[in-house]
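Let me begin by presenting the structure, written as structure tokens, before commenting on it.
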Amino acid sequence: MVKTLRLLFFKFFQAFSDVLPILLVITFFQLAVIQKPFPHLKETLFGFVLVVIGLFIFIQGLENALFPIGERLAVEFALKGNVYWIVLFGFTLGFATTIAEPALTVISQKAGHIAAKAGAIENARDSINSYVWGLRLTTAFSVGLAGAIGVIRIIKGWPLVIFILVGYSLIMLATLFAPKEIIGIAYDAGGITTSTITVPLITALGIGLATSIRGRNPIIDGFGLIALASLTPILFVMLYGIFIFGAS
């Protein structure tokens, strides 16, 4: 019991250490550069405590639930030896985690309202909701596709660099034709999707699959799915923009 409490305290201190540099930077610029006291200091400190507690709980959830579940499912599917089920699992995992990603939900809604105010889409509730859902579904589909492609790459042992070069070549080509209203959102989508929910499960999938397949190295083959998952949304959101607004 004492050992468990010590371990939890150590991990809580680690979470505090991770957030501390952010607090120091904000404090320095607030007091030394802006030279004004913190507004609502009590609320700010309380929020900081909540961030540390939330980060601590989140890390425990990753270590004790999300990572083990992802790796175990990948191993179980690999043992079944059915490639189609493994690929389908990679797609559905990428799609489901992305559609549930809080950051994507918030950014898509913000993009919808800004697009409506700018006159890019009709400033009506149904039009905004349709645009937002289109962004979310397109992004989720692209990450699901990245998961499926990543699974095939691990099974076949194909080098990651080929997919990266081809992917970014297509992105640069799409950028030339994509409307200006969507380019910034598209490039941000790559970072938005690889966030709190998607990254742990996609990473666990790659490591678990590479570990269970003979001849694959978890370090060389197990990683790289996140790179694909951050690449495909950029391309597909620009294609979505071309479909909605037309080519530039």
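Identifiers for the structure tokens are assigned positionally: chains receive A, B, ... in sequence, residues are indexed from 1 per chain, and ligands are indexed from 1 in the order shown.
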Item to check | Within 9 Å of Gly215 in chain A using only C-alpha atoms, minus same-chain residues under 4 positions, as a ChimeraX atom specification | outcome: /A:157,210-211
Hey, can you spit out that residue selection with N, CA and C atoms as a PDB file, in the first residue's frame?
ATOM      1  N   GLY A 157       5.828  -4.947 -44.539  1.00  0.00           N
ATOM      2  CA  GLY A 157       7.196  -4.518 -44.272  1.00  0.00           C
ATOM      3  C   GLY A 157       7.672  -3.421 -45.199  1.00  0.00           C
ATOM      4  N   ALA A 210       3.292  -4.910 -34.767  1.00  0.00           N
ATOM      5  CA  ALA A 210       4.680  -5.181 -35.127  1.00  0.00           C
ATOM      6  C   ALA A 210       5.318  -6.196 -34.187  1.00  0.00           C
ATOM      7  N   THR A 211       4.898  -6.187 -32.932  1.00  0.00           N
ATOM      8  CA  THR A 211       5.438  -7.140 -31.957  1.00  0.00           C
ATOM      9  C   THR A 211       4.972  -8.563 -32.244  1.00  0.00           C
TER      10      THR A 211
END
Checklist entry - Which polymer residues have any atom within 12 Å of an atom of Asn217 in chain A, counting only C-alpha atoms, with same-chain residues fewer than 4 positions away left out, as a list in words? => result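 In the requested form, the answer reads Ile154, Ile155, Gly157, Gly206, Ile207, Gly208, Leu209, Ala210, Thr211, Ser212, Ile213, Asp221, Gly222 and Phe223 of chain A.
In terms of minimum interatomic distance to Val83 in chain A, A:Ala148 ranks closest within A:Ala148, A:Ile183, A:Val25, A:Val19, counting only C-alpha atoms.
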Item to check | Contact residues around Trp158 in chain A with only C-alpha atoms at 12 Å, ignoring same-chain residues under 2 positions, as a count of residues only | outcome: 18
Checklist entry - Among range 96-203 of chain A, which residues carry a DSSP assignment of helix (DSSP H, G or I), reported as a PyMOL selection string? => result chain A and resi 96-99+102-117+125-156+160-177+180-193+198-203
Checklist outcome for this item: Of A:Arg72, A:Lys42, A:Arg6, A:Lys110, the one sitting nearest Leu205 in chain A when using only C-alpha atoms is A:Arg72
Item to check | Among the residues A:Phe67, A:Tyr240, A:Phe177, A:Tyr131, the one that comes closest to Ala204 in chain A [using only C-alpha atoms] | outcome: A:Phe67
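Shortest atom-to-atom contact with Leu93 in chain A among A:Leu20, A:Leu135, A:Ala140, A:Met172: A:Ala140, counting only C-alpha atoms.
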Checklist entry - Which residue, A:Ser127, A:Ala227, A:Val52, A:Thr193, has the smallest gap to Ser17 in chain A when you use only C-alpha atoms? => result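 Using only C-alpha atoms, the shortest distance to Ser17 in chain A belongs to A:Val52.
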Surrounding residues of Gly94 in chain A excluding itself and chain neighbours under 4 positions, 12 Å, only C-alpha atoms, as a CSV table (one decimal) with N, CA and C atoms, in the first residue's frame:
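This is the output file selection38.csv:
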chain,number,residue,atom,x,y,z
A,70,GLY,N,-5.2,-1.3,-26.7
A,70,GLY,CA,-4.8,-1.3,-28.1
A,70,GLY,C,-3.8,-2.3,-28.5
A,87,VAL,N,-7.0,-5.1,-41.1
A,87,VAL,CA,-7.1,-3.8,-41.8
A,87,VAL,C,-8.4,-3.1,-41.4
A,88,LEU,N,-9.5,-3.8,-41.3
A,88,LEU,CA,-10.7,-3.2,-40.9
A,88,LEU,C,-10.6,-2.6,-39.5
A,89,PHE,N,-9.9,-3.3,-38.6
A,89,PHE,CA,-9.7,-2.8,-37.3
A,89,PHE,C,-8.9,-1.5,-37.3
A,90,GLY,N,-7.9,-1.5,-38.1
A,90,GLY,CA,-7.1,-0.3,-38.2
A,90,GLY,C,-7.9,0.9,-38.7
A,98,THR,N,-10.9,9.5,-34.0
A,98,THR,CA,-10.9,10.8,-34.6
A,98,THR,C,-12.2,11.5,-34.5
A,99,ILE,N,-13.3,10.8,-34.7
A,99,ILE,CA,-14.6,11.4,-34.7
A,99,ILE,C,-15.0,11.8,-33.2
A,100,ALA,N,-14.3,11.1,-32.3
A,100,ALA,CA,-14.5,11.4,-30.8
A,100,ALA,C,-13.5,12.4,-30.3
A,101,GLU,N,-12.6,12.8,-31.1
A,101,GLU,CA,-11.5,13.7,-30.7
A,101,GLU,C,-12.1,15.1,-30.3
A,137,LEU,N,-16.3,14.3,-40.6
A,137,LEU,CA,-16.4,13.0,-41.2
A,137,LEU,C,-15.2,12.8,-42.2
A,139,THR,N,-12.2,14.2,-42.0
A,139,THR,CA,-11.0,14.0,-41.3
A,139,THR,C,-11.0,12.6,-40.6
A,140,ALA,N,-12.1,12.2,-40.1
A,140,ALA,CA,-12.2,10.9,-39.5
A,140,ALA,C,-11.9,9.8,-40.5
A,141,PHE,N,-12.5,9.9,-41.7
A,141,PHE,CA,-12.3,8.9,-42.7
A,141,PHE,C,-10.8,8.9,-43.1
A,142,SER,N,-10.2,10.0,-43.2
A,142,SER,CA,-8.8,10.1,-43.7
A,142,SER,C,-7.9,9.4,-42.6
A,143,VAL,N,-8.2,9.6,-41.4
A,143,VAL,CA,-7.4,9.0,-40.3
A,143,VAL,C,-7.6,7.4,-40.3
A,144,GLY,N,-8.9,7.1,-40.5
A,144,GLY,CA,-9.2,5.7,-40.7
A,144,GLY,C,-8.4,5.0,-41.8
A,145,LEU,N,-8.4,5.7,-42.9
A,145,LEU,CA,-7.6,5.2,-44.1
A,145,LEU,C,-6.2,5.1,-43.8
A,146,ALA,N,-5.6,6.1,-43.0
A,146,ALA,CA,-4.2,6.1,-42.6
A,146,ALA,C,-4.0,4.8,-41.7
A,147,GLY,N,-4.9,4.5,-40.8
A,147,GLY,CA,-4.8,3.3,-40.0
A,147,GLY,C,-4.7,2.1,-40.8
A,148,ALA,N,-5.6,2.0,-41.8
A,148,ALA,CA,-5.6,0.8,-42.6
A,148,ALA,C,-4.4,0.7,-43.5
A,149,ILE,N,-3.9,1.8,-44.0
A,149,ILE,CA,-2.7,1.8,-44.8
A,149,ILE,C,-1.5,1.4,-43.9
A,150,GLY,N,-1.5,2.0,-42.7
A,150,GLY,CA,-0.4,1.7,-41.8
A,150,GLY,C,-0.3,0.2,-41.4
A,151,VAL,N,-1.5,-0.4,-41.2
A,151,VAL,CA,-1.5,-1.8,-40.9
A,151,VAL,C,-1.0,-2.6,-42.0
A,193,THR,N,-6.0,16.2,-35.3
A,193,THR,CA,-6.4,14.8,-35.2
A,193,THR,C,-5.5,13.9,-34.4
A,194,THR,N,-4.2,14.2,-34.3
A,194,THR,CA,-3.2,13.4,-33.6
A,194,THR,C,-3.1,14.0,-32.2
A,195,SER,N,-4.2,13.8,-31.4
A,195,SER,CA,-4.3,14.4,-30.1
A,195,SER,C,-4.6,13.4,-29.0
A,197,ILE,N,-6.9,11.4,-27.7
A,197,ILE,CA,-7.5,10.1,-27.9
A,197,ILE,C,-6.9,9.2,-29.0
A,198,THR,N,-6.6,9.9,-30.1
A,198,THR,CA,-6.1,9.1,-31.3
A,198,THR,C,-4.7,8.6,-31.1
A,199,VAL,N,-3.8,9.4,-30.6
A,199,VAL,CA,-2.4,9.0,-30.6
A,199,VAL,C,-2.2,7.7,-29.7
A,200,PRO,N,-2.7,7.6,-28.5
A,200,PRO,CA,-2.4,6.4,-27.7
A,200,PRO,C,-2.8,5.1,-28.4
A,201,LEU,N,-4.1,5.1,-28.9
A,201,LEU,CA,-4.6,3.9,-29.5
A,201,LEU,C,-4.0,3.6,-30.8
A,202,ILE,N,-3.7,4.6,-31.7
A,202,ILE,CA,-3.0,4.3,-32.9
A,202,ILE,C,-1.6,3.8,-32.7
A,203,THR,N,-0.9,4.4,-31.8
A,203,THR,CA,0.4,4.0,-31.5
A,203,THR,C,0.5,2.6,-30.9
A,204,ALA,N,-0.5,2.3,-30.0
A,204,ALA,CA,-0.6,0.9,-29.4
A,204,ALA,C,-0.9,-0.1,-30.5
A,205,LEU,N,-1.7,0.3,-31.5
A,205,LEU,CA,-2.0,-0.6,-32.6
A,205,LEU,C,-0.8,-1.0,-33.3
A,206,GLY,N,0.0,0.0,-33.7
A,206,GLY,CA,1.3,-0.2,-34.5
A,206,GLY,C,2.3,-1.1,-33.7
A,225,LEU,N,2.6,5.2,-37.7
A,225,LEU,CA,1.2,5.4,-38.0
A,225,LEU,C,0.7,6.8,-37.7
A,226,ILE,N,1.3,7.4,-36.7
A,226,ILE,CA,0.9,8.8,-36.4
A,226,ILE,C,1.3,9.7,-37.5
A,228,LEU,N,1.4,9.0,-40.6
A,228,LEU,CA,0.3,8.8,-41.7
A,228,LEU,C,-1.0,9.5,-41.3
A,229,ALA,N,-1.3,9.3,-40.0
A,229,ALA,CA,-2.6,9.9,-39.5
A,229,ALA,C,-2.6,11.4,-39.5
A,230,SER,N,-1.4,12.0,-39.4
A,230,SER,CA,-1.3,13.5,-39.5
A,230,SER,C,-1.2,14.0,-40.9
A,232,THR,N,-2.7,12.3,-43.9
A,232,THR,CA,-3.9,12.2,-44.7
A,232,THR,C,-5.0,13.2,-44.4
A,233,PRO,N,-5.2,13.7,-43.2
A,233,PRO,CA,-6.3,14.7,-43.0
A,233,PRO,C,-6.0,16.0,-43.8
Item to check | Pick from A:Leu62, A:Leu23, A:Leu7, A:Ala186, whichever lies nearest to Arg136 in chain A using only C-alpha atoms | outcome: A:Ala186
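Separating CA of Phe243 in chain A from CA of Gly119 in chain A is a distance of 16.8 Å.
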